[in-house]
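See below for the structure under consideration.
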Amino acid sequence: MQNPPLEVFKDFSGSAEDLARLATTVCAGLGLGAANDTDELSARLVRDYAQRDILSRPERQGKEAIYTWRHLVELVAARALVADGWPLAKVTQHFALTPLEDLLLLVPGQGRPNPALMAAKRIRESTLAGGKVSEPVAPPLQRLASQRQRRADLMFSMKQLTGESTQPRATQMTRIALDEDIHLLIETDRLRNLGLDGADAVGRAITASIIEWITAKGGKQP
Amino acid sequence: MSNTISLGITPLRDALLEGHNNACLALVRVKAPAAPALQARRKALNLALVIDRSGSMSGRPLEEAKRCVGMIIDRLGPQDRASVIAYDSTVDTIVPAQNVTDTAVFHRALAQVESRGMTALFGGWLAGAEQAALGATDNYISRVMLLSDGCANEGPDSLEDIAPHVSTMAASGVSTSTCGLGNGFNEDLMMGMAKAGQGQGYYGDTAEDLLDPFTAEFELMRALCARKLRLSLQTPDGVKAKVLNDYAQENDGRWALPDLAFGAEGWALVSITVPARLCGPGVTLDQLLRVSVSLDECQTDRTLVLEQTLSLPTLPAGAFSALAEDARVKARAQELRAAELQLEARTAARRGRWDQVDQILRKAEQEAGENPWVAEGLKALRVHAEARRTEEFAKETVYKSRAMSSRLTSIEEVEPSFSVKDEAEMPSYLRRKLEQGKRMPPPSGRT
């Protein structure tokens, strides 16, 4: 079995500088972003992401914030989304409702952690806490799960549209009128190469985005 | 001979009694091919071998346990994965999960294991589950094999607390088999874990009896043909059907049958009740029972769904009573009844009511009829009862009862014949033992 690359750093614990350094190496290995641009992935950026709640709150040892493997996953996943063209505000929204194991899926080359490993982890955590093991999807969590699913769909569709490219986005757009009051703006180059699967992905991305918008506004659940 | 898995239904009698309420029996058999296709690759194993090294294992038991684990390691190949965990009050992963490319690594670690401390059984199992989980992909059959000679006395210790975890891991792809040793272990906990873990439950009466269970477990996993067998029954309106075996029924109503090995049959005895109003003269009840079994083939990773139906005509009393009963169905019914009575006897023995035990055993002997395996097995059980050996009696009844209600049968098995000599020639996981905790004599020609 191949262990996912990020699993190697499971015992990581360090300062913002340590995290930035490690994430730079990891991102370079994954072909994410400008790995040598230390200004781009710096301790300052780590703190900025923590401020924006993209990274979970780090533990404190005296005055120093201590970051762990969880923060590494969050940081690398965030960089992957930013590389895909996602705005940071959107990334924050996604991360607020996405469990760590699903964030791992956003990192290129990371397979879904095997269910047995996740189950064993839940058992270990619950027995250490002296409690019962929670089911992976307990009824009260179903609503949250469906939101997660929508986000995963959105992510999937977005990935299909944008690929893994870190190139700047094209600015030439084509407008398609779907109805009198519904218009679709799409990059002209992307539209040319879209294909039938791509068109299908566009449709799903639109649906997911609208549901996302309605949900965020507290509107009627689909 | 067929090289595919097949499904069959055999009724006890080939008809229903006209004009009466009918309660009939039907045997559902899921039959594996005798051997895998030549080009098929066997599935690799991913095992976590968990040894109790508490103080009570001191001496021969621990040495024998280490020998059994070493035997399994030696029979694995580089495509297989294994880990070894030793536990007492503390749990040590003495060999982390890895491909078995260098057996010396395992033997060196085993040689260092010494007895001490208490029995953190759950902690040992969980460490094993974690190690097996690391390799739990579709490419492997993943299993924890847990050995203990005592009662859990560190950490979670009740079946109620432990079984849900074991069940969760099984549902996630890591099954659990257990092996008790001697007469100090908690048979309810160990058998309960094996059931919840969708694995096998074994025990060895003495250290010398330990190799049999380990061999059976290893050979069974090596020979697995299909997993995740789920049985569902459908009947017309007014007809009811239920499985009589001690199989777990899932939330969706399907019964979980044991994993299937080459050369073996999985089976379920189904009780069908048909009201008199449906059993008019000259009627044939089409699709009286529709059986569906879904399973995952180990060699191909395909999911198969097998379906079969049973239709029976009605006959007047004279013609009906002239019908012969199917010997195989009758034998399985006797086994299930004996299993049920043995558990009753065990409850009485635990209460010290040996008079009741004697009565129940007599009843079981009468009902065993001409089923030689059941009858001979009861004789062996009576020895414990007459000596009033509670622990030995309790353990043997639990494991014998389980074997009678959920064993894989050989596709060659002919009802109702039985001989120890013939059984010894069978693959270890198909043998009908007279005493579950005792090793069988080696097959003729072997020592």
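We label chains A, B, ... in the order they appear in the structure tokens, count residues from 1 in each chain, and number ligands from 1 in the order shown.
Applying a distance limit of 8 Å to only C-alpha atoms, the residues of chain A near chain B read Met1, Asn114, Pro115, Ala116, Leu117, Ala119, Ala120, Lys121, Ile123, Arg124 and Val133 of chain A.
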- Message: Can you tell me which residues surround Glu64 in chain A at a distance of at most 12 Å, considering only C-alpha atoms, apart from same-chain residues fewer than 5 positions away, and format the answer as an NGL selection string?
- Response: :A and (13-17 or 47 or 58-59)
- Message: Among range 73-276 of chain B, which ones does DSSP assign to helix (DSSP H, G or I) (computed from the backbone)? Answer as a PyMOL selection string.
- Response: chain B and resi 73-75+103-111+121-134+159-171+187-196+207-209+211-222+276
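Among the candidates B:Ser428, B:Ala264, B:Asp358, B:Leu7, the residue lying nearest to Ser410 in chain B is B:Ala264 (atoms considered: only C-alpha atoms).
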- Item | Nearest candidate to Ala385 in chain B (options B:Gly192, B:Gly352, B:Gly204, B:Pro316; using only C-alpha atoms) | B:Gly352
- Message: So that I can see what lies close to Arg302 in chain B, please list as a list of chain:residue names the residues with an atom at most 12 Å from it, counting only C-alpha atoms and leaving out residues fewer than 4 positions away in the same chain.
- Response: B:Asp138, B:Cys225, B:Ala226, B:Arg227, B:Lys228, B:Ser294, B:Leu295, B:Asp296, B:Glu297, B:Cys298
- Excluding Pro258 in chain B and residues on its chain fewer than 4 positions from it, collect all residues at most 8 Å away from it, counting only C-alpha atoms, and give them as a VMD selection string. chain B and resid 198 to 199 227 to 229 266 406 408
- Query: Nearest to Leu22 in chain A among A:Ala80, A:Leu191, A:Leu41, A:Leu103, with distances taken over only C-alpha atoms: which residue is it?
  - Reply: A:Leu41
- With a distance cut-off of 7 Å and only C-alpha atoms, select the neighbouring residues of Gln299 in chain B, excluding the residue or stretch itself and same-chain residues fewer than 3 positions from it, and output the selection as a PyMOL selection string. chain B and resi 40-43+225
Export of the given selection (N, CA, C and O atoms) as a CSV table (one decimal), in the first residue's frame:
chain,number,residue,atom,x,y,z
B,40,ALA,N,-6.6,-17.9,-11.9
B,40,ALA,CA,-7.0,-16.9,-10.9
B,40,ALA,C,-5.8,-16.7,-9.9
B,40,ALA,O,-5.1,-17.7,-9.6
B,41,ARG,N,-5.7,-15.5,-9.5
B,41,ARG,CA,-4.7,-15.2,-8.5
B,41,ARG,C,-5.4,-15.1,-7.1
B,41,ARG,O,-6.5,-14.6,-7.0
B,42,ARG,N,-4.8,-15.7,-6.1
B,42,ARG,CA,-5.4,-15.7,-4.8
B,42,ARG,C,-5.2,-14.3,-4.2
B,42,ARG,O,-4.2,-13.6,-4.5
B,43,LYS,N,-6.1,-13.9,-3.4
B,43,LYS,CA,-6.0,-12.6,-2.8
B,43,LYS,C,-5.0,-12.6,-1.7
B,43,LYS,O,-4.8,-13.6,-0.9
B,225,CYS,N,-13.2,-17.8,-1.3
B,225,CYS,CA,-13.7,-17.7,-2.6
B,225,CYS,C,-14.6,-16.5,-2.7
B,225,CYS,O,-14.6,-15.8,-3.8
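Here CA of Leu343 in chain B is placed at a distance of 15.3 Å from CA of Glu435 in chain B.
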Sorted by chain and rising residue number, list the residues of range 82-114 of chain B at most 7 Å from range 44-61 of chain B (counting only C-alpha atoms), each with its closest atom pair and distance in Å to one decimal, as CSV.
residue,atom,partner,partner_atom,distance
B:Ala82,CA,B:Leu47,CA,4.7
B:Ser83,CA,B:Ala48,CA,4.8
B:Val84,CA,B:Leu49,CA,4.8
B:Ile85,CA,B:Val50,CA,4.6
B:Ala86,CA,B:Ile51,CA,4.8
B:Tyr87,CA,B:Asp52,CA,5.3
B:Asp88,CA,B:Ser54,CA,4.5
B:Glu114,CA,B:Arg53,CA,6.5
Residue selection dump (N, CA, C and O atoms) as a compact mmCIF listing (two decimals), in the first residue's frame:
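The resulting file, part_21.txt, is reproduced below:
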# COMPACT_ATOMS: atom_id res chain seq x y z
N ALA B 82 1.76 -8.41 7.26
CA ALA B 82 1.49 -8.90 8.62
C ALA B 82 2.06 -7.93 9.64
O ALA B 82 2.98 -7.16 9.35
N SER B 83 1.47 -7.97 10.81
CA SER B 83 2.01 -7.24 11.96
C SER B 83 1.81 -8.14 13.18
O SER B 83 0.98 -9.05 13.15
N VAL B 84 2.60 -7.91 14.20
CA VAL B 84 2.47 -8.70 15.43
C VAL B 84 2.37 -7.74 16.61
O VAL B 84 3.18 -6.81 16.73
N ILE B 85 1.38 -8.00 17.43
CA ILE B 85 1.15 -7.17 18.61
C ILE B 85 1.17 -8.08 19.83
O ILE B 85 0.58 -9.17 19.81
N ALA B 86 1.86 -7.66 20.87
CA ALA B 86 1.85 -8.41 22.13
C ALA B 86 1.28 -7.49 23.20
O ALA B 86 1.61 -6.31 23.25
N TYR B 87 0.39 -8.04 24.02
CA TYR B 87 -0.23 -7.19 25.03
C TYR B 87 -0.28 -7.88 26.38
O TYR B 87 -0.40 -9.10 26.48
N ASP B 88 -0.11 -7.07 27.41
CA ASP B 88 -0.43 -7.47 28.78
C ASP B 88 -1.14 -6.27 29.35
O ASP B 88 -2.19 -5.89 28.81
N GLU B 114 7.93 -11.90 26.31
CA GLU B 114 7.91 -12.60 27.59
C GLU B 114 6.63 -12.29 28.33
O GLU B 114 6.03 -11.22 28.13
Once DSSP has gone over the backbone, tell me which residues of range 203-286 of chain B are in strand (DSSP E or B), as an mmCIF file with all heavy atoms, in the first residue's frame.
data_model
loop_
_atom_site.group_PDB
_atom_site.id
_atom_site.type_symbol
_atom_site.label_atom_id
_atom_site.label_comp_id
_atom_site.auth_asym_id
_atom_site.auth_seq_id
_atom_site.Cartn_x
_atom_site.Cartn_y
_atom_site.Cartn_z
ATOM 1 N N TYR B 203 -11.166 -22.149 20.013
ATOM 2 C CA TYR B 203 -10.460 -22.222 21.287
ATOM 3 C C TYR B 203 -9.641 -23.500 21.332
ATOM 4 O O TYR B 203 -9.922 -24.476 20.626
ATOM 5 C CB TYR B 203 -11.419 -22.113 22.473
ATOM 6 C CG TYR B 203 -12.022 -23.374 23.015
ATOM 7 C CD1 TYR B 203 -11.551 -23.946 24.200
ATOM 8 C CD2 TYR B 203 -13.086 -23.981 22.376
ATOM 9 C CE1 TYR B 203 -12.143 -25.082 24.735
ATOM 10 C CE2 TYR B 203 -13.681 -25.129 22.902
ATOM 11 C CZ TYR B 203 -13.195 -25.674 24.078
ATOM 12 O OH TYR B 203 -13.772 -26.795 24.590
ATOM 13 N N GLY B 204 -8.597 -23.435 22.141
ATOM 14 C CA GLY B 204 -7.758 -24.601 22.360
ATOM 15 C C GLY B 204 -7.814 -24.942 23.839
ATOM 16 O O GLY B 204 -7.647 -24.059 24.683
ATOM 17 N N LEU B 224 -10.302 -18.573 0.625
ATOM 18 C CA LEU B 224 -11.548 -17.812 0.478
ATOM 19 C C LEU B 224 -11.896 -17.575 -0.985
ATOM 20 O O LEU B 224 -11.046 -17.220 -1.800
ATOM 21 C CB LEU B 224 -11.464 -16.479 1.218
ATOM 22 C CG LEU B 224 -11.703 -16.531 2.725
ATOM 23 C CD1 LEU B 224 -11.704 -15.135 3.309
ATOM 24 C CD2 LEU B 224 -12.984 -17.259 3.081
ATOM 25 N N CYS B 225 -13.151 -17.773 -1.258
ATOM 26 C CA CYS B 225 -13.665 -17.683 -2.620
ATOM 27 C C CYS B 225 -14.601 -16.489 -2.745
ATOM 28 O O CYS B 225 -14.627 -15.803 -3.758
ATOM 29 C CB CYS B 225 -14.408 -18.997 -2.878
ATOM 30 S SG CYS B 225 -15.540 -19.016 -4.198
ATOM 31 N N ALA B 226 -15.371 -16.215 -1.681
ATOM 32 C CA ALA B 226 -16.303 -15.090 -1.714
ATOM 33 C C ALA B 226 -16.513 -14.556 -0.305
ATOM 34 O O ALA B 226 -16.437 -15.299 0.670
ATOM 35 C CB ALA B 226 -17.644 -15.528 -2.291
ATOM 36 N N ARG B 227 -16.755 -13.271 -0.224
ATOM 37 C CA ARG B 227 -16.986 -12.613 1.055
ATOM 38 C C ARG B 227 -18.258 -11.776 0.984
ATOM 39 O O ARG B 227 -18.842 -11.616 -0.074
ATOM 40 C CB ARG B 227 -15.796 -11.711 1.407
ATOM 41 C CG ARG B 227 -14.470 -12.443 1.352
ATOM 42 C CD ARG B 227 -13.345 -11.528 1.728
ATOM 43 N NE ARG B 227 -13.410 -11.234 3.157
ATOM 44 C CZ ARG B 227 -12.881 -10.152 3.714
ATOM 45 N NH1 ARG B 227 -12.273 -9.259 2.972
ATOM 46 N NH2 ARG B 227 -12.969 -9.953 5.003
ATOM 47 N N LYS B 228 -18.631 -11.243 2.108
ATOM 48 C CA LYS B 228 -19.816 -10.376 2.209
ATOM 49 C C LYS B 228 -21.054 -11.055 1.629
ATOM 50 O O LYS B 228 -21.769 -10.460 0.817
ATOM 51 C CB LYS B 228 -19.560 -9.033 1.525
ATOM 52 C CG LYS B 228 -18.427 -8.253 2.151
ATOM 53 C CD LYS B 228 -18.221 -6.934 1.448
ATOM 54 C CE LYS B 228 -16.969 -6.245 1.950
ATOM 55 N NZ LYS B 228 -16.566 -5.113 1.141
ATOM 56 N N LEU B 229 -21.263 -12.301 2.012
ATOM 57 C CA LEU B 229 -22.463 -13.007 1.543
ATOM 58 C C LEU B 229 -23.670 -12.497 2.324
ATOM 59 O O LEU B 229 -23.671 -12.538 3.560
ATOM 60 C CB LEU B 229 -22.320 -14.521 1.756
ATOM 61 C CG LEU B 229 -21.460 -15.258 0.729
ATOM 62 C CD1 LEU B 229 -19.995 -15.134 1.063
ATOM 63 C CD2 LEU B 229 -21.849 -16.715 0.640
ATOM 64 N N ARG B 230 -24.653 -12.014 1.618
ATOM 65 C CA ARG B 230 -25.866 -11.501 2.253
ATOM 66 C C ARG B 230 -27.069 -12.182 1.634
ATOM 67 O O ARG B 230 -27.249 -12.169 0.417
ATOM 68 C CB ARG B 230 -25.979 -9.984 2.064
ATOM 69 C CG ARG B 230 -24.840 -9.202 2.704
ATOM 70 C CD ARG B 230 -24.875 -9.273 4.232
ATOM 71 N NE ARG B 230 -23.807 -8.516 4.839
ATOM 72 C CZ ARG B 230 -22.599 -9.015 5.156
ATOM 73 N NH1 ARG B 230 -22.324 -10.291 4.903
ATOM 74 N NH2 ARG B 230 -21.681 -8.257 5.729
ATOM 75 N N LEU B 231 -27.871 -12.759 2.501
ATOM 76 C CA LEU B 231 -29.021 -13.560 2.066
ATOM 77 C C LEU B 231 -30.303 -12.788 2.331
ATOM 78 O O LEU B 231 -30.509 -12.260 3.421
ATOM 79 C CB LEU B 231 -29.023 -14.866 2.867
ATOM 80 C CG LEU B 231 -30.288 -15.705 2.842
ATOM 81 C CD1 LEU B 231 -30.456 -16.393 1.494
ATOM 82 C CD2 LEU B 231 -30.254 -16.757 3.946
ATOM 83 N N SER B 232 -31.182 -12.733 1.324
ATOM 84 C CA SER B 232 -32.510 -12.157 1.573
ATOM 85 C C SER B 232 -33.572 -13.120 1.076
ATOM 86 O O SER B 232 -33.356 -13.888 0.132
ATOM 87 C CB SER B 232 -32.644 -10.780 0.928
ATOM 88 O OG SER B 232 -32.385 -10.855 -0.435
ATOM 89 N N LEU B 233 -34.713 -13.073 1.755
ATOM 90 C CA LEU B 233 -35.819 -13.985 1.457
ATOM 91 C C LEU B 233 -37.050 -13.168 1.085
ATOM 92 O O LEU B 233 -37.318 -12.135 1.697
ATOM 93 C CB LEU B 233 -36.157 -14.829 2.693
ATOM 94 C CG LEU B 233 -35.022 -15.612 3.353
ATOM 95 C CD1 LEU B 233 -35.520 -16.287 4.625
ATOM 96 C CD2 LEU B 233 -34.461 -16.658 2.386
ATOM 97 N N GLN B 234 -37.765 -13.657 0.092
ATOM 98 C CA GLN B 234 -39.036 -13.024 -0.267
ATOM 99 C C GLN B 234 -40.104 -14.104 -0.362
ATOM 100 O O GLN B 234 -39.839 -15.197 -0.892
ATOM 101 C CB GLN B 234 -38.928 -12.346 -1.626
ATOM 102 C CG GLN B 234 -38.370 -10.935 -1.573
ATOM 103 C CD GLN B 234 -38.418 -10.310 -2.947
ATOM 104 O OE1 GLN B 234 -37.720 -10.770 -3.848
ATOM 105 N NE2 GLN B 234 -39.235 -9.302 -3.116
ATOM 106 N N LYS B 240 -44.700 -16.816 5.440
ATOM 107 C CA LYS B 240 -43.606 -16.212 6.214
ATOM 108 C C LYS B 240 -42.379 -17.116 6.155
ATOM 109 O O LYS B 240 -42.520 -18.342 6.142
ATOM 110 C CB LYS B 240 -44.028 -16.023 7.670
ATOM 111 C CG LYS B 240 -45.062 -14.915 7.823
ATOM 112 C CD LYS B 240 -45.406 -14.674 9.264
ATOM 113 C CE LYS B 240 -46.419 -13.528 9.336
ATOM 114 N NZ LYS B 240 -47.185 -13.539 10.562
ATOM 115 N N ALA B 241 -41.228 -16.499 6.146
ATOM 116 C CA ALA B 241 -39.977 -17.272 6.114
ATOM 117 C C ALA B 241 -38.952 -16.622 7.029
ATOM 118 O O ALA B 241 -38.893 -15.397 7.125
ATOM 119 C CB ALA B 241 -39.441 -17.334 4.688
ATOM 120 N N LYS B 242 -38.191 -17.460 7.727
ATOM 121 C CA LYS B 242 -37.090 -16.909 8.540
ATOM 122 C C LYS B 242 -35.928 -17.899 8.586
ATOM 123 O O LYS B 242 -36.123 -19.120 8.454
ATOM 124 C CB LYS B 242 -37.560 -16.549 9.949
ATOM 125 C CG LYS B 242 -37.926 -17.735 10.798
ATOM 126 C CD LYS B 242 -38.167 -17.291 12.236
ATOM 127 C CE LYS B 242 -38.500 -18.491 13.095
ATOM 128 N NZ LYS B 242 -38.725 -18.205 14.477
ATOM 129 N N VAL B 243 -34.749 -17.340 8.771
ATOM 130 C CA VAL B 243 -33.535 -18.158 8.849
ATOM 131 C C VAL B 243 -33.375 -18.661 10.279
ATOM 132 O O VAL B 243 -33.516 -17.899 11.240
ATOM 133 C CB VAL B 243 -32.309 -17.317 8.429
ATOM 134 C CG1 VAL B 243 -31.015 -18.046 8.746
ATOM 135 C CG2 VAL B 243 -32.383 -17.002 6.941
ATOM 136 N N GLN B 249 -28.598 -10.563 11.566
ATOM 137 C CA GLN B 249 -29.493 -9.964 10.583
ATOM 138 C C GLN B 249 -29.228 -8.464 10.561
ATOM 139 O O GLN B 249 -29.211 -7.814 11.609
ATOM 140 C CB GLN B 249 -30.958 -10.251 10.933
ATOM 141 C CG GLN B 249 -31.900 -9.955 9.782
ATOM 142 C CD GLN B 249 -33.306 -10.471 10.017
ATOM 143 O OE1 GLN B 249 -33.650 -10.858 11.119
ATOM 144 N NE2 GLN B 249 -34.125 -10.454 8.984
ATOM 145 N N TRP B 255 -29.510 -11.447 5.974
ATOM 146 C CA TRP B 255 -28.685 -12.216 6.897
ATOM 147 C C TRP B 255 -27.249 -12.275 6.377
ATOM 148 O O TRP B 255 -27.029 -12.486 5.168
ATOM 149 C CB TRP B 255 -29.227 -13.636 7.050
ATOM 150 C CG TRP B 255 -30.409 -13.729 7.954
ATOM 151 C CD1 TRP B 255 -30.402 -13.931 9.310
ATOM 152 C CD2 TRP B 255 -31.799 -13.637 7.598
ATOM 153 N NE1 TRP B 255 -31.690 -13.961 9.799
ATOM 154 C CE2 TRP B 255 -32.565 -13.789 8.778
ATOM 155 C CE3 TRP B 255 -32.465 -13.425 6.381
ATOM 156 C CZ2 TRP B 255 -33.944 -13.740 8.783
ATOM 157 C CZ3 TRP B 255 -33.855 -13.378 6.400
ATOM 158 C CH2 TRP B 255 -34.579 -13.532 7.590
ATOM 159 N N ALA B 256 -26.308 -12.121 7.291
ATOM 160 C CA ALA B 256 -24.886 -12.190 6.919
ATOM 161 C C ALA B 256 -24.415 -13.633 7.051
ATOM 162 O O ALA B 256 -24.347 -14.177 8.157
ATOM 163 C CB ALA B 256 -24.068 -11.281 7.820
ATOM 164 N N LEU B 260 -17.141 -17.614 2.193
ATOM 165 C CA LEU B 260 -17.183 -18.916 1.515
ATOM 166 C C LEU B 260 -15.792 -19.310 1.003
ATOM 167 O O LEU B 260 -15.086 -18.467 0.443
ATOM 168 C CB LEU B 260 -18.156 -18.806 0.331
ATOM 169 C CG LEU B 260 -18.517 -20.081 -0.411
ATOM 170 C CD1 LEU B 260 -19.240 -21.062 0.501
ATOM 171 C CD2 LEU B 260 -19.414 -19.750 -1.611
ATOM 172 N N ALA B 261 -15.444 -20.570 1.229
ATOM 173 C CA ALA B 261 -14.130 -21.049 0.765
ATOM 174 C C ALA B 261 -14.321 -22.025 -0.396
ATOM 175 O O ALA B 261 -15.399 -22.625 -0.542
ATOM 176 C CB ALA B 261 -13.404 -21.748 1.913
ATOM 177 N N ALA B 264 -16.310 -25.581 -0.508
ATOM 178 C CA ALA B 264 -17.232 -25.518 0.627
ATOM 179 C C ALA B 264 -18.602 -24.983 0.220
ATOM 180 O O ALA B 264 -18.767 -24.425 -0.866
ATOM 181 C CB ALA B 264 -16.642 -24.623 1.711
ATOM 182 N N GLU B 265 -19.529 -25.205 1.117
ATOM 183 C CA GLU B 265 -20.869 -24.648 0.959
ATOM 184 C C GLU B 265 -21.209 -23.815 2.184
ATOM 185 O O GLU B 265 -20.954 -24.237 3.312
ATOM 186 C CB GLU B 265 -21.914 -25.769 0.903
ATOM 187 C CG GLU B 265 -22.031 -26.455 -0.412
ATOM 188 C CD GLU B 265 -23.143 -27.517 -0.369
ATOM 189 O OE1 GLU B 265 -23.931 -27.535 0.599
ATOM 190 O OE2 GLU B 265 -23.176 -28.319 -1.301
ATOM 191 N N GLY B 266 -21.787 -22.647 1.940
ATOM 192 C CA GLY B 266 -22.426 -21.902 3.021
ATOM 193 C C GLY B 266 -23.900 -22.292 2.992
ATOM 194 O O GLY B 266 -24.431 -22.622 1.931
ATOM 195 N N TRP B 267 -24.546 -22.273 4.126
ATOM 196 C CA TRP B 267 -25.932 -22.740 4.140
ATOM 197 C C TRP B 267 -26.775 -22.006 5.172
ATOM 198 O O TRP B 267 -26.248 -21.432 6.123
ATOM 199 C CB TRP B 267 -25.999 -24.247 4.415
ATOM 200 C CG TRP B 267 -25.400 -24.663 5.737
ATOM 201 C CD1 TRP B 267 -24.066 -24.819 6.005
ATOM 202 C CD2 TRP B 267 -26.081 -24.937 6.963
ATOM 203 N NE1 TRP B 267 -23.879 -25.187 7.320
ATOM 204 C CE2 TRP B 267 -25.114 -25.273 7.938
ATOM 205 C CE3 TRP B 267 -27.417 -24.959 7.344
ATOM 206 C CZ2 TRP B 267 -25.421 -25.609 9.249
ATOM 207 C CZ3 TRP B 267 -27.745 -25.300 8.657
ATOM 208 C CH2 TRP B 267 -26.754 -25.625 9.592
ATOM 209 N N ALA B 268 -28.063 -22.048 4.918
ATOM 210 C CA ALA B 268 -29.013 -21.490 5.877
ATOM 211 C C ALA B 268 -30.252 -22.371 5.841
ATOM 212 O O ALA B 268 -30.717 -22.754 4.760
ATOM 213 C CB ALA B 268 -29.370 -20.060 5.511
ATOM 214 N N LEU B 269 -30.742 -22.710 7.016
ATOM 215 C CA LEU B 269 -31.985 -23.480 7.080
ATOM 216 C C LEU B 269 -33.131 -22.494 7.285
ATOM 217 O O LEU B 269 -33.100 -21.687 8.222
ATOM 218 C CB LEU B 269 -31.924 -24.480 8.237
ATOM 219 C CG LEU B 269 -33.028 -25.533 8.226
ATOM 220 C CD1 LEU B 269 -32.912 -26.444 6.999
ATOM 221 C CD2 LEU B 269 -32.988 -26.384 9.497
ATOM 222 N N VAL B 270 -34.105 -22.571 6.377
ATOM 223 C CA VAL B 270 -35.196 -21.595 6.386
ATOM 224 C C VAL B 270 -36.485 -22.284 6.806
ATOM 225 O O VAL B 270 -36.839 -23.351 6.286
ATOM 226 C CB VAL B 270 -35.360 -20.966 4.990
ATOM 227 C CG1 VAL B 270 -36.522 -19.974 4.980
ATOM 228 C CG2 VAL B 270 -34.072 -20.275 4.563
ATOM 229 N N SER B 271 -37.158 -21.657 7.756
ATOM 230 C CA SER B 271 -38.474 -22.154 8.169
ATOM 231 C C SER B 271 -39.532 -21.350 7.410
ATOM 232 O O SER B 271 -39.500 -20.116 7.408
ATOM 233 C CB SER B 271 -38.603 -21.956 9.685
ATOM 234 O OG SER B 271 -39.948 -21.840 10.034
ATOM 235 N N ILE B 272 -40.451 -22.071 6.744
ATOM 236 C CA ILE B 272 -41.491 -21.402 5.951
ATOM 237 C C ILE B 272 -42.852 -21.802 6.516
ATOM 238 O O ILE B 272 -43.117 -22.997 6.714
ATOM 239 C CB ILE B 272 -41.425 -21.842 4.471
ATOM 240 C CG1 ILE B 272 -39.993 -21.721 3.935
ATOM 241 C CG2 ILE B 272 -42.374 -21.020 3.612
ATOM 242 C CD1 ILE B 272 -39.790 -22.426 2.597
ATOM 243 N N THR B 273 -43.676 -20.829 6.804
ATOM 244 C CA THR B 273 -45.033 -21.156 7.251
ATOM 245 C C THR B 273 -46.026 -20.702 6.185
ATOM 246 O O THR B 273 -45.965 -19.566 5.703
ATOM 247 C CB THR B 273 -45.365 -20.488 8.598
ATOM 248 O OG1 THR B 273 -45.101 -19.090 8.492
ATOM 249 C CG2 THR B 273 -44.542 -21.056 9.720
ATOM 250 N N VAL B 274 -46.917 -21.633 5.852
ATOM 251 C CA VAL B 274 -47.892 -21.383 4.786
ATOM 252 C C VAL B 274 -49.291 -21.641 5.355
ATOM 253 O O VAL B 274 -49.548 -22.736 5.870
ATOM 254 C CB VAL B 274 -47.648 -22.320 3.575
ATOM 255 C CG1 VAL B 274 -48.489 -21.893 2.379
ATOM 256 C CG2 VAL B 274 -46.179 -22.394 3.219
ATOM 257 N N THR B 284 -50.241 -25.718 -6.994
ATOM 258 C CA THR B 284 -48.779 -25.595 -6.878
ATOM 259 C C THR B 284 -48.462 -24.161 -6.505
ATOM 260 O O THR B 284 -48.895 -23.228 -7.191
ATOM 261 C CB THR B 284 -48.080 -25.945 -8.199
ATOM 262 O OG1 THR B 284 -48.254 -27.335 -8.456
ATOM 263 C CG2 THR B 284 -46.585 -25.651 -8.117
ATOM 264 N N LEU B 285 -47.777 -23.991 -5.381
ATOM 265 C CA LEU B 285 -47.424 -22.631 -4.957
ATOM 266 C C LEU B 285 -46.130 -22.214 -5.654
ATOM 267 O O LEU B 285 -45.038 -22.623 -5.271
ATOM 268 C CB LEU B 285 -47.269 -22.559 -3.438
ATOM 269 C CG LEU B 285 -48.603 -22.393 -2.726
ATOM 270 C CD1 LEU B 285 -49.203 -23.744 -2.408
ATOM 271 C CD2 LEU B 285 -48.451 -21.575 -1.464
ATOM 272 N N ASP B 286 -46.331 -21.417 -6.709
ATOM 273 C CA ASP B 286 -45.178 -20.938 -7.462
ATOM 274 C C ASP B 286 -44.433 -19.886 -6.646
ATOM 275 O O ASP B 286 -45.046 -19.043 -6.007
ATOM 276 C CB ASP B 286 -45.635 -20.304 -8.780
ATOM 277 C CG ASP B 286 -45.941 -21.369 -9.813
ATOM 278 O OD1 ASP B 286 -45.304 -22.430 -9.752
ATOM 279 O OD2 ASP B 286 -46.830 -21.141 -10.639
#
- Task: Name all residues at most 7 Å from Leu288 in chain B (count only C-alpha atoms; drop same-chain ones fewer than 2 positions away) and give them as a ChimeraX atom specification.
- Result: /B:235-236,285-286,290,310-311
